[in-house]
file protein.txt (compact mmCIF, C-alpha atoms)
# COMPACT_ATOMS: atom_id res chain seq x y z
CA MET A 1 113.15 -0.36 159.07
CA SER A 2 113.25 -2.49 162.18
CA SER A 3 113.84 -6.23 162.07
CA VAL A 4 111.85 -8.65 164.19
CA PRO A 5 113.91 -11.51 165.62
CA ALA A 6 111.87 -14.71 166.13
CA GLY A 7 109.86 -14.41 169.33
CA GLY A 8 111.69 -11.29 170.48
CA THR A 9 111.13 -7.56 170.59
CA PRO A 10 112.03 -5.71 167.40
CA ARG A 11 115.12 -3.48 167.51
CA VAL A 12 114.06 0.13 167.32
CA THR A 13 116.53 2.99 167.45
CA LEU A 14 115.90 6.32 169.17
CA GLY A 15 115.69 8.03 165.76
CA GLU A 16 113.09 5.55 164.51
CA LEU A 17 111.08 5.99 167.71
CA TYR A 18 111.11 9.77 167.32
CA ARG A 19 110.10 9.67 163.65
CA GLY A 20 107.41 7.04 164.24
CA PHE A 21 105.68 9.04 166.95
CA LEU A 22 106.29 12.34 165.15
CA TYR A 23 104.40 10.93 162.18
CA ALA A 24 101.60 9.53 164.38
CA GLY A 25 101.15 12.90 166.11
CA ALA A 26 101.34 14.95 162.92
CA ARG A 27 98.52 12.98 161.26
CA GLY A 28 96.37 12.66 164.37
CA PHE A 29 93.38 14.82 163.45
CA GLY A 30 90.50 14.04 165.80
CA GLY A 31 92.84 12.21 168.21
CA ALA A 32 96.18 10.46 167.81
CA MET A 33 95.16 6.98 168.96
CA PRO A 34 94.09 5.46 165.60
CA TRP A 35 97.25 6.86 164.00
CA ALA A 36 99.53 5.58 166.74
CA ARG A 37 97.99 2.12 166.36
CA ARG A 38 98.32 2.26 162.59
CA MET A 39 101.98 3.25 162.90
CA LEU A 40 102.84 0.68 165.61
CA VAL A 41 100.84 -2.32 164.34
CA GLU A 42 100.24 -1.92 160.61
CA GLU A 43 103.06 0.24 159.22
CA ARG A 44 106.17 -0.44 161.33
CA ARG A 45 105.01 -3.68 162.98
CA TRP A 46 106.72 -2.89 166.27
CA LEU A 47 103.76 -4.42 168.12
CA THR A 48 101.32 -7.24 167.38
CA VAL A 49 97.56 -6.59 167.36
CA GLN A 50 97.32 -8.06 170.84
CA GLU A 51 100.36 -6.25 172.25
CA PHE A 52 98.91 -2.88 171.25
CA THR A 53 95.55 -3.69 172.85
CA ASP A 54 97.33 -4.77 176.05
CA VAL A 55 99.47 -1.60 176.26
CA PHE A 56 96.49 0.61 175.44
CA SER A 57 94.37 -1.20 178.07
CA LEU A 58 97.00 -0.56 180.71
CA CYS A 59 97.21 3.12 179.73
CA ASN A 60 93.43 3.42 179.76
CA PHE A 61 93.40 2.57 183.45
CA LEU A 62 96.18 5.00 184.27
CA PRO A 63 95.42 8.70 184.57
CA GLY A 64 96.53 11.27 182.01
CA PRO A 65 96.24 11.53 178.22
CA ASN A 66 96.09 7.86 177.10
CA ILE A 67 98.10 8.06 173.94
CA VAL A 68 100.78 10.17 175.61
CA ASN A 69 101.11 7.39 178.19
CA VAL A 70 101.30 4.85 175.35
CA SER A 71 104.23 6.77 173.82
CA VAL A 72 106.09 6.68 177.14
CA VAL A 73 105.44 2.97 177.71
CA ILE A 74 106.40 1.96 174.15
CA GLY A 75 109.45 4.25 174.12
CA ALA A 76 110.60 2.74 177.43
CA ARG A 77 110.03 -0.81 176.20
CA PHE A 78 112.32 -0.34 173.19
CA ALA A 79 114.93 2.07 174.54
CA GLY A 80 114.56 2.64 178.28
CA PRO A 81 114.07 6.07 179.86
CA ARG A 82 115.62 7.85 176.87
CA GLY A 83 113.22 6.04 174.57
CA ALA A 84 110.30 7.23 176.72
CA VAL A 85 111.43 10.87 176.46
CA VAL A 86 112.10 10.58 172.71
CA ALA A 87 108.73 8.94 171.87
CA PHE A 88 106.89 11.48 174.05
CA SER A 89 108.67 14.42 172.36
CA GLY A 90 108.03 12.98 168.91
CA LEU A 91 104.31 12.61 169.57
CA LEU A 92 103.88 16.18 170.82
CA THR A 93 106.25 18.17 168.56
CA VAL A 94 103.96 18.83 165.59
CA PRO A 95 100.64 19.11 167.48
CA LEU A 96 102.12 21.71 169.87
CA LEU A 97 103.62 23.73 167.01
CA VAL A 98 100.34 23.65 165.07
CA VAL A 99 98.11 24.53 168.00
CA LEU A 100 100.33 27.42 169.13
CA THR A 101 100.53 28.76 165.57
CA LEU A 102 96.75 28.59 165.31
CA ALA A 103 96.42 30.34 168.67
CA ALA A 104 98.80 33.11 167.57
CA LEU A 105 96.96 33.58 164.26
CA TYR A 106 93.65 33.51 166.05
CA SER A 107 94.56 36.30 168.43
CA ARG A 108 95.71 38.40 165.47
CA ILE A 109 92.88 37.72 163.05
CA GLY A 110 90.16 37.41 165.67
CA THR A 111 88.24 34.64 163.96
CA MET A 112 89.20 31.47 162.17
CA PRO A 113 87.24 31.59 158.94
CA GLY A 114 86.50 28.16 157.53
CA VAL A 115 87.81 26.24 160.53
CA ASP A 116 84.34 25.46 161.81
CA ALA A 117 83.19 24.25 158.39
CA LEU A 118 86.38 22.24 157.93
CA LEU A 119 85.96 20.58 161.32
CA ARG A 120 82.38 19.51 160.57
CA GLY A 121 83.72 17.30 157.80
CA VAL A 122 86.93 16.12 159.45
CA GLY A 123 85.21 15.51 162.80
CA ALA A 124 82.73 13.10 161.22
CA ALA A 125 85.54 11.24 159.42
CA ALA A 126 87.53 11.08 162.67
CA GLY A 127 84.59 9.34 164.35
CA GLY A 128 84.49 6.80 161.53
CA LEU A 129 88.25 6.19 161.83
CA VAL A 130 87.97 5.52 165.57
CA LEU A 131 85.07 3.10 164.93
CA ALA A 132 87.11 1.23 162.32
CA THR A 133 90.06 1.09 164.73
CA GLY A 134 87.75 -0.43 167.35
CA VAL A 135 86.58 -3.08 164.88
CA LYS A 136 90.19 -3.96 164.01
CA MET A 137 91.03 -4.25 167.71
CA ALA A 138 87.96 -6.47 168.22
CA GLU A 139 89.24 -8.84 165.52
CA GLY A 140 92.24 -9.56 167.76
CA LEU A 141 90.06 -10.64 170.70
CA PRO A 142 89.32 -14.29 171.48
CA ARG A 143 85.94 -15.40 170.07
CA THR A 144 84.32 -16.15 173.40
CA ALA A 145 80.98 -15.22 174.94
CA ARG A 146 82.92 -13.65 177.82
CA ALA A 147 84.86 -11.23 175.60
CA ALA A 148 81.78 -10.38 173.51
CA GLY A 149 79.67 -9.80 176.62
CA PHE A 150 82.10 -7.41 178.30
CA LEU A 151 82.79 -5.58 175.04
CA LEU A 152 79.05 -5.01 174.56
CA ALA A 153 78.55 -3.99 178.19
CA ALA A 154 81.29 -1.33 177.93
CA PHE A 155 79.95 -0.07 174.59
CA VAL A 156 76.34 0.16 175.78
CA ALA A 157 77.20 1.78 179.14
CA ILE A 158 79.47 4.47 177.67
CA GLY A 159 78.27 4.86 174.07
CA LEU A 160 74.50 4.43 174.39
CA LEU A 161 73.59 5.08 178.04
CA ARG A 162 76.38 7.68 178.43
CA TRP A 163 77.17 6.65 181.97
CA PRO A 164 80.27 8.27 183.50
CA LEU A 165 83.50 6.50 182.55
CA VAL A 166 85.23 5.94 185.88
CA PRO A 167 82.47 4.02 187.71
CA VAL A 168 81.76 1.95 184.57
CA LEU A 169 85.45 1.13 184.18
CA PHE A 170 85.96 0.17 187.80
CA THR A 171 82.81 -1.99 187.91
CA LEU A 172 83.30 -3.86 184.64
CA ALA A 173 87.08 -4.36 184.90
CA PRO A 174 87.18 -6.46 188.11
CA LEU A 175 84.24 -8.58 186.90
CA SER A 176 85.86 -9.14 183.52
CA VAL A 177 89.26 -9.99 185.03
CA LEU A 178 87.64 -12.45 187.48
CA ALA A 179 85.73 -14.08 184.62
CA ALA A 180 88.97 -14.40 182.63
CA TRP A 181 90.72 -15.88 185.67
CA PHE A 182 88.11 -18.59 186.24
CA ARG A 183 87.77 -19.43 182.56
CA ARG A 184 91.48 -19.71 181.92
CA THR A 185 92.69 -22.92 180.37
CA MET B 1 101.99 33.04 193.70
CA SER B 2 103.31 33.34 190.16
CA PRO B 3 100.70 32.35 187.58
CA LEU B 4 103.15 29.79 186.15
CA VAL B 5 103.36 28.02 189.50
CA THR B 6 99.56 28.04 189.88
CA LEU B 7 99.22 26.64 186.35
CA ALA B 8 101.73 23.90 187.08
CA LEU B 9 100.16 22.88 190.38
CA ARG B 10 96.59 22.88 189.04
CA PHE B 11 97.37 20.77 185.99
CA MET B 12 99.68 18.38 187.85
CA VAL B 13 96.80 17.46 190.13
CA LEU B 14 94.44 17.06 187.16
CA SER B 15 97.02 14.88 185.41
CA LEU B 16 96.84 12.32 188.20
CA VAL B 17 93.04 12.09 188.32
CA ALA B 18 92.38 12.20 184.56
CA ILE B 19 91.50 8.54 184.06
CA GLY B 20 90.26 8.34 180.48
CA GLY B 21 92.29 11.38 179.46
CA VAL B 22 91.62 15.11 179.44
CA THR B 23 88.07 14.60 178.16
CA SER B 24 87.04 13.10 181.49
CA VAL B 25 88.32 16.11 183.47
CA LEU B 26 87.05 18.71 181.00
CA PRO B 27 84.39 20.05 183.41
CA GLU B 28 87.07 20.48 186.09
CA VAL B 29 89.45 22.19 183.63
CA HIS B 30 86.60 24.58 182.79
CA ARG B 31 85.87 25.25 186.46
CA VAL B 32 89.52 25.95 187.29
CA ALA B 33 90.32 28.05 184.21
CA VAL B 34 87.08 30.04 183.97
CA ASP B 35 85.45 30.18 187.41
CA VAL B 36 88.32 29.92 189.89
CA HIS B 37 91.28 31.68 188.26
CA HIS B 38 89.59 33.69 185.46
CA TRP B 39 92.42 32.71 183.09
CA VAL B 40 89.93 32.73 180.21
CA SER B 41 86.29 33.73 179.76
CA ASP B 42 83.56 31.23 179.02
CA ALA B 43 83.54 32.24 175.33
CA GLU B 44 87.35 32.04 175.09
CA PHE B 45 87.27 28.55 176.60
CA THR B 46 84.94 27.39 173.82
CA GLN B 47 87.14 29.05 171.17
CA LEU B 48 90.27 27.38 172.57
CA PHE B 49 88.44 24.05 172.54
CA VAL B 50 87.73 24.51 168.82
CA ILE B 51 91.37 25.46 168.09
CA ALA B 52 92.63 22.43 170.03
CA ARG B 53 90.36 20.17 167.98
CA ALA B 54 91.56 21.74 164.74
CA ALA B 55 95.15 20.67 165.43
CA PRO B 56 96.32 17.08 165.08
CA GLY B 57 97.44 15.10 168.10
CA PRO B 58 96.19 14.19 171.54
CA ASN B 59 93.05 15.89 172.83
CA MET B 60 95.01 17.47 175.69
CA LEU B 61 96.15 20.47 173.61
CA LEU B 62 93.36 22.54 175.16
CA VAL B 63 95.50 22.62 178.29
CA SER B 64 98.49 23.97 176.32
CA LEU B 65 96.27 26.73 174.93
CA ILE B 66 95.04 27.74 178.38
CA GLY B 67 98.68 27.99 179.44
CA TRP B 68 99.33 30.14 176.35
CA GLN B 69 96.54 32.53 177.36
CA VAL B 70 97.96 32.83 180.87
CA ALA B 71 101.65 33.37 180.11
CA GLY B 72 102.47 33.00 176.41
CA LEU B 73 104.93 30.35 175.28
CA PRO B 74 106.32 29.60 178.79
CA GLY B 75 102.73 29.18 179.98
CA ALA B 76 101.94 26.75 177.16
CA LEU B 77 105.03 24.65 177.86
CA VAL B 78 104.48 24.63 181.63
CA ALA B 79 100.81 23.64 181.28
CA THR B 80 101.64 20.87 178.80
CA ALA B 81 104.44 19.49 180.96
CA ALA B 82 102.30 19.68 184.10
CA MET B 83 99.45 17.79 182.41
CA CYS B 84 101.79 15.04 181.13
CA LEU B 85 104.70 14.51 183.49
CA PRO B 86 102.94 13.13 186.59
CA SER B 87 100.84 10.63 184.63
CA CYS B 88 103.74 9.74 182.30
CA THR B 89 106.04 9.08 185.26
CA LEU B 90 103.37 6.89 186.84
CA SER B 91 102.87 5.02 183.54
CA TYR B 92 106.61 4.53 183.17
CA PHE B 93 106.97 2.85 186.54
CA VAL B 94 103.74 0.86 186.32
CA ALA B 95 104.75 -0.47 182.88
CA HIS B 96 108.23 -1.27 184.21
CA THR B 97 106.73 -3.32 187.06
CA TRP B 98 104.20 -4.87 184.66
CA GLU B 99 107.02 -6.14 182.40
CA ARG B 100 108.48 -8.11 185.30
CA PHE B 101 105.31 -10.21 185.46
CA ARG B 102 105.29 -11.09 181.76
CA GLY B 103 103.98 -14.65 181.52
CA ALA B 104 102.46 -14.70 185.02
CA ALA B 105 99.00 -16.31 185.05
CA TRP B 106 97.39 -13.39 186.88
CA ARG B 107 98.79 -10.88 184.41
CA ARG B 108 97.34 -12.89 181.51
CA ALA B 109 93.98 -12.89 183.28
CA VAL B 110 94.14 -9.11 183.80
CA GLU B 111 95.01 -8.54 180.13
CA ALA B 112 92.35 -10.97 178.91
CA GLY B 113 89.83 -9.24 181.17
CA LEU B 114 90.72 -5.66 180.25
CA ALA B 115 91.05 -6.13 176.47
CA PRO B 116 87.31 -6.49 175.62
CA ILE B 117 86.44 -3.51 177.84
CA THR B 118 89.11 -1.38 176.14
CA VAL B 119 87.79 -2.31 172.71
CA GLY B 120 84.22 -1.57 173.86
CA LEU B 121 85.40 1.87 175.02
CA VAL B 122 87.15 2.59 171.70
CA LEU B 123 83.99 1.65 169.80
CA ALA B 124 81.88 3.80 172.15
CA THR B 125 84.25 6.75 171.63
CA GLY B 126 84.02 6.41 167.84
CA TRP B 127 80.25 6.12 168.09
CA LEU B 128 79.96 9.23 170.28
CA VAL B 129 82.30 11.29 168.07
CA ALA B 130 80.42 10.26 164.92
CA ARG B 131 76.98 10.79 166.51
CA GLY B 132 78.03 14.12 168.00
CA ALA B 133 79.37 15.48 164.71
CA PRO B 134 77.29 18.49 163.72
CA GLY B 135 75.88 18.12 160.23
CA GLY B 136 73.22 15.44 160.68
CA TRP B 137 72.86 12.71 158.08
CA VAL B 138 75.68 13.97 155.85
CA ALA B 139 78.05 13.73 158.82
CA TYR B 140 76.79 10.23 159.69
CA GLY B 141 77.30 9.28 156.06
CA ILE B 142 80.91 10.53 156.12
CA ALA B 143 81.55 8.56 159.32
CA ALA B 144 80.03 5.38 157.87
CA VAL B 145 81.94 5.67 154.59
CA THR B 146 85.18 6.34 156.50
CA THR B 147 84.65 3.23 158.66
CA ALA B 148 84.00 1.09 155.58
CA LEU B 149 86.97 2.47 153.60
CA VAL B 150 89.39 1.98 156.51
CA LEU B 151 88.17 -1.57 157.13
CA PHE B 152 87.86 -2.83 153.57
CA THR B 153 90.39 -0.88 151.50
CA ARG B 154 94.05 0.07 151.91
CA VAL B 155 93.45 3.77 151.29
CA ASN B 156 95.35 6.06 153.68
CA PRO B 157 92.78 7.60 156.09
CA LEU B 158 94.51 10.95 155.62
CA TRP B 159 92.99 11.21 152.11
CA ILE B 160 89.55 10.50 153.55
CA PHE B 161 90.12 13.35 156.02
CA VAL B 162 91.11 15.67 153.17
CA GLY B 163 87.94 14.73 151.26
CA ALA B 164 85.76 15.17 154.34
CA GLY B 165 87.40 18.54 155.06
CA VAL B 166 86.69 19.71 151.51
CA LEU B 167 83.03 18.66 151.84
CA GLY B 168 82.92 20.72 155.04
CA LEU B 169 84.55 23.76 153.44
CA LEU B 170 82.09 23.59 150.54
CA GLY B 171 79.29 23.88 153.10
CA LEU B 172 77.91 20.44 152.31
CA VAL B 173 78.16 19.09 155.86
call {"tool": "encode", "arguments": {"input": "protein.txt", "output": "structure tokens"}}
result
Amino acid sequence: MSSVPAGGTPRVTLGELYRGFLYAGARGFGGAMPWARRMLVEERRWLTVQEFTDVFSLCNFLPGPNIVNVSVVIGARFAGPRGAVVAFSGLLTVPLLVVLTLAALYSRIGTMPGVDALLRGVGAAAGGLVLATGVKMAEGLPRTARAAGFLLAAFVAIGLLRWPLVPVLFTLAPLSVLAAWFRRT
Amino acid sequence: MSPLVTLALRFMVLSLVAIGGVTSVLPEVHRVAVDVHHWVSDAEFTQLFVIARAAPGPNMLLVSLIGWQVAGLPGALVATAAMCLPSCTLSYFVAHTWERFRGAAWRRAVEAGLAPITVGLVLATGWLVARGAPGGWVAYGIAAVTTALVLFTRVNPLWIFVGAGVLGLLGLV
């Protein structure tokens, strides 16, 4: 396992990167994000709570599949361009194999008996896992009215009012960054 | 034009506008795959969506499956690469530049500003997935129990998924 020198970045080899993201992708039913966070922050401790939130924030504002972007950014941080390729490949290996196998079986059998029923259960649990991940991420935020206010605004706009993501993101983000800038100590 | 080239071009463009991931460009993926190029029918699109959700991993696998329908394994690989490479390359260089400003006051303000919004979005996503789960109150119950178990116990969420899947298979959800 990786060692964390005081105040520095942990040493992570290419093999560890590949296995870490392979494992995150392979378990990622209902989305790989909670599993990638669990692997990076709780199991292997390559990132602190705050570091993960910062990387994920950055990737949220960039286009493309978020967690795929996270794999590239984390891979690059620990092992340069090769690390990016290795982490990316690790994340996608199992999901691609599984989905293509399912597709091949599906075209042969015609239906996927049980899959719908299975997904009803797993889908609900996946929602709960994402919620719990959000709560854990919230615990790493500063306890300020500013953070609480913008968190609530984003939740209400997207989760309750179901406004479209992009305008919400690009309205709230500049306001929140400005507020953080003027409140900085 | 070869279908592989069309696939690549279409998904490379989508890759660069998909802020929030594939979910946010889902209507456009549908329009391109069903209405414009007739790669799949409306019913097939829905079936592929279900298969993509059944597999672990990022939610972008739908794109791989559309590629598979168009041109088999090469199609799947081309579609996946096209959906990832432009945005990954952008992320790589943005993150590289970002690292150079580690410790800068403005970068700390950007991170402090973005973090609560990101967390709000994650919570909203979990809420929407849990609310949208078919199965009514049993499904909400599974979501609530999962949240509580993950927060307050050290049980591996994978076991919760297995249990929830079994409840589904038994027809209880």
call {"tool": "residues_near_point", "arguments": {"input": "protein.txt", "point": "(115.8, 13.5, 168.6)", "cutoff": "8 Å", "atoms": "only C-alpha atoms", "output": "MDAnalysis selection string"}}
result
chainID A and resid 14:15 18 86 90
call {"tool": "residues_around", "arguments": {"input": "protein.txt", "residues": "region 115-120 of chain A", "least_positions_apart": "2", "cutoff": "9 Å", "atoms": "all atoms listed in the file", "output": "list of chain:residue names"}}
result
A:Met112, A:Pro113, A:Val122, A:Gly123, A:Ala124, A:Ala125, B:Val50, B:Ile51, B:Arg53, B:Ala54, B:Ala133, B:Pro134, B:Gly135, B:Ala139, B:Ala164, B:Gly165, B:Val166, B:Leu167, B:Gly168, B:Leu169, B:Leu170, B:Gly171, B:Leu172, B:Val173
call {"tool": "closest_residue", "arguments": {"input": "protein.txt", "among": "B:Ala71, B:Val94, B:Val129, B:Val29", "to": "chain A", "atoms": "all atoms listed in the file"}}
result
B:Val129
call {"tool": "closest_residue", "arguments": {"input": "protein.txt", "among": "A:Ala79, A:Leu102, A:Leu62, A:Ala126", "to": "Ala32 (chain A)", "atoms": "all atoms listed in the file"}}
result
A:Ala126
call {"tool": "atom_distance", "arguments": {"input": "protein.txt", "atom1": "CA of Val41 (chain A)", "atom2": "CA of Asp54 (chain A)"}}
result
12.5 Å
call {"tool": "build_atoms", "arguments": {"input": "protein.txt", "residues": "region 142-168 of chain B", "atoms": "N, CA and C atoms", "output": "PDB file, keeping the file's coordinate frame"}}
result
ATOM      1  N   ILE B 142      79.442  10.439 156.193  1.00  0.00           N
ATOM      2  CA  ILE B 142      80.910  10.530 156.120  1.00  0.00           C
ATOM      3  C   ILE B 142      81.543   9.538 157.091  1.00  0.00           C
ATOM      4  N   ALA B 143      80.990   9.481 158.313  1.00  0.00           N
ATOM      5  CA  ALA B 143      81.550   8.560 159.320  1.00  0.00           C
ATOM      6  C   ALA B 143      81.430   7.118 158.843  1.00  0.00           C
ATOM      7  N   ALA B 144      80.254   6.765 158.299  1.00  0.00           N
ATOM      8  CA  ALA B 144      80.030   5.380 157.870  1.00  0.00           C
ATOM      9  C   ALA B 144      80.946   5.012 156.702  1.00  0.00           C
ATOM     10  N   VAL B 145      81.078   5.936 155.741  1.00  0.00           N
ATOM     11  CA  VAL B 145      81.940   5.670 154.590  1.00  0.00           C
ATOM     12  C   VAL B 145      83.398   5.542 155.044  1.00  0.00           C
ATOM     13  N   THR B 146      83.812   6.418 155.988  1.00  0.00           N
ATOM     14  CA  THR B 146      85.180   6.340 156.500  1.00  0.00           C
ATOM     15  C   THR B 146      85.435   4.969 157.139  1.00  0.00           C
ATOM     16  N   THR B 147      84.492   4.531 158.002  1.00  0.00           N
ATOM     17  CA  THR B 147      84.650   3.230 158.660  1.00  0.00           C
ATOM     18  C   THR B 147      84.828   2.136 157.609  1.00  0.00           C
ATOM     19  N   ALA B 148      83.952   2.138 156.604  1.00  0.00           N
ATOM     20  CA  ALA B 148      84.000   1.090 155.580  1.00  0.00           C
ATOM     21  C   ALA B 148      85.311   1.143 154.796  1.00  0.00           C
ATOM     22  N   LEU B 149      85.740   2.349 154.393  1.00  0.00           N
ATOM     23  CA  LEU B 149      86.970   2.470 153.600  1.00  0.00           C
ATOM     24  C   LEU B 149      88.191   1.996 154.395  1.00  0.00           C
ATOM     25  N   VAL B 150      88.239   2.363 155.695  1.00  0.00           N
ATOM     26  CA  VAL B 150      89.390   1.980 156.510  1.00  0.00           C
ATOM     27  C   VAL B 150      89.414   0.469 156.723  1.00  0.00           C
ATOM     28  N   LEU B 151      88.223  -0.127 156.865  1.00  0.00           N
ATOM     29  CA  LEU B 151      88.170  -1.570 157.130  1.00  0.00           C
ATOM     30  C   LEU B 151      88.417  -2.395 155.872  1.00  0.00           C
ATOM     31  N   PHE B 152      87.891  -1.942 154.733  1.00  0.00           N
ATOM     32  CA  PHE B 152      87.860  -2.830 153.570  1.00  0.00           C
ATOM     33  C   PHE B 152      88.791  -2.416 152.433  1.00  0.00           C
ATOM     34  N   THR B 153      89.445  -1.260 152.552  1.00  0.00           N
ATOM     35  CA  THR B 153      90.390  -0.880 151.500  1.00  0.00           C
ATOM     36  C   THR B 153      91.721  -0.521 152.160  1.00  0.00           C
ATOM     37  N   ARG B 154      92.753  -0.296 151.357  1.00  0.00           N
ATOM     38  CA  ARG B 154      94.050   0.070 151.910  1.00  0.00           C
ATOM     39  C   ARG B 154      94.314   1.571 151.741  1.00  0.00           C
ATOM     40  N   VAL B 155      93.270   2.340 151.484  1.00  0.00           N
ATOM     41  CA  VAL B 155      93.450   3.770 151.290  1.00  0.00           C
ATOM     42  C   VAL B 155      93.925   4.410 152.607  1.00  0.00           C
ATOM     43  N   ASN B 156      94.863   5.363 152.498  1.00  0.00           N
ATOM     44  CA  ASN B 156      95.350   6.060 153.680  1.00  0.00           C
ATOM     45  C   ASN B 156      94.235   6.971 154.224  1.00  0.00           C
ATOM     46  N   PRO B 157      93.877   6.797 155.514  1.00  0.00           N
ATOM     47  CA  PRO B 157      92.780   7.600 156.090  1.00  0.00           C
ATOM     48  C   PRO B 157      92.983   9.106 155.939  1.00  0.00           C
ATOM     49  N   LEU B 158      94.248   9.526 155.760  1.00  0.00           N
ATOM     50  CA  LEU B 158      94.510  10.950 155.620  1.00  0.00           C
ATOM     51  C   LEU B 158      93.773  11.531 154.410  1.00  0.00           C
ATOM     52  N   TRP B 159      93.703  10.743 153.317  1.00  0.00           N
ATOM     53  CA  TRP B 159      92.990  11.210 152.110  1.00  0.00           C
ATOM     54  C   TRP B 159      91.503  11.322 152.379  1.00  0.00           C
ATOM     55  N   ILE B 160      90.975  10.408 153.202  1.00  0.00           N
ATOM     56  CA  ILE B 160      89.550  10.500 153.550  1.00  0.00           C
ATOM     57  C   ILE B 160      89.307  11.794 154.330  1.00  0.00           C
ATOM     58  N   PHE B 161      90.257  12.115 155.242  1.00  0.00           N
ATOM     59  CA  PHE B 161      90.120  13.350 156.020  1.00  0.00           C
ATOM     60  C   PHE B 161      90.132  14.575 155.100  1.00  0.00           C
ATOM     61  N   VAL B 162      91.036  14.541 154.102  1.00  0.00           N
ATOM     62  CA  VAL B 162      91.110  15.670 153.170  1.00  0.00           C
ATOM     63  C   VAL B 162      89.770  15.824 152.447  1.00  0.00           C
ATOM     64  N   GLY B 163      89.232  14.685 151.963  1.00  0.00           N
ATOM     65  CA  GLY B 163      87.940  14.730 151.260  1.00  0.00           C
ATOM     66  C   GLY B 163      86.832  15.255 152.149  1.00  0.00           C
ATOM     67  N   ALA B 164      86.803  14.752 153.404  1.00  0.00           N
ATOM     68  CA  ALA B 164      85.760  15.170 154.340  1.00  0.00           C
ATOM     69  C   ALA B 164      85.900  16.659 154.667  1.00  0.00           C
ATOM     70  N   GLY B 165      87.157  17.123 154.795  1.00  0.00           N
ATOM     71  CA  GLY B 165      87.400  18.540 155.060  1.00  0.00           C
ATOM     72  C   GLY B 165      86.906  19.407 153.916  1.00  0.00           C
ATOM     73  N   VAL B 166      87.144  18.952 152.676  1.00  0.00           N
ATOM     74  CA  VAL B 166      86.690  19.710 151.510  1.00  0.00           C
ATOM     75  C   VAL B 166      85.166  19.785 151.491  1.00  0.00           C
ATOM     76  N   LEU B 167      84.495  18.652 151.760  1.00  0.00           N
ATOM     77  CA  LEU B 167      83.030  18.660 151.840  1.00  0.00           C
ATOM     78  C   LEU B 167      82.560  19.688 152.865  1.00  0.00           C
ATOM     79  N   GLY B 168      83.276  19.750 154.011  1.00  0.00           N
ATOM     80  CA  GLY B 168      82.920  20.720 155.040  1.00  0.00           C
ATOM     81  C   GLY B 168      83.100  22.144 154.551  1.00  0.00           C
TER      82      GLY B 168
END
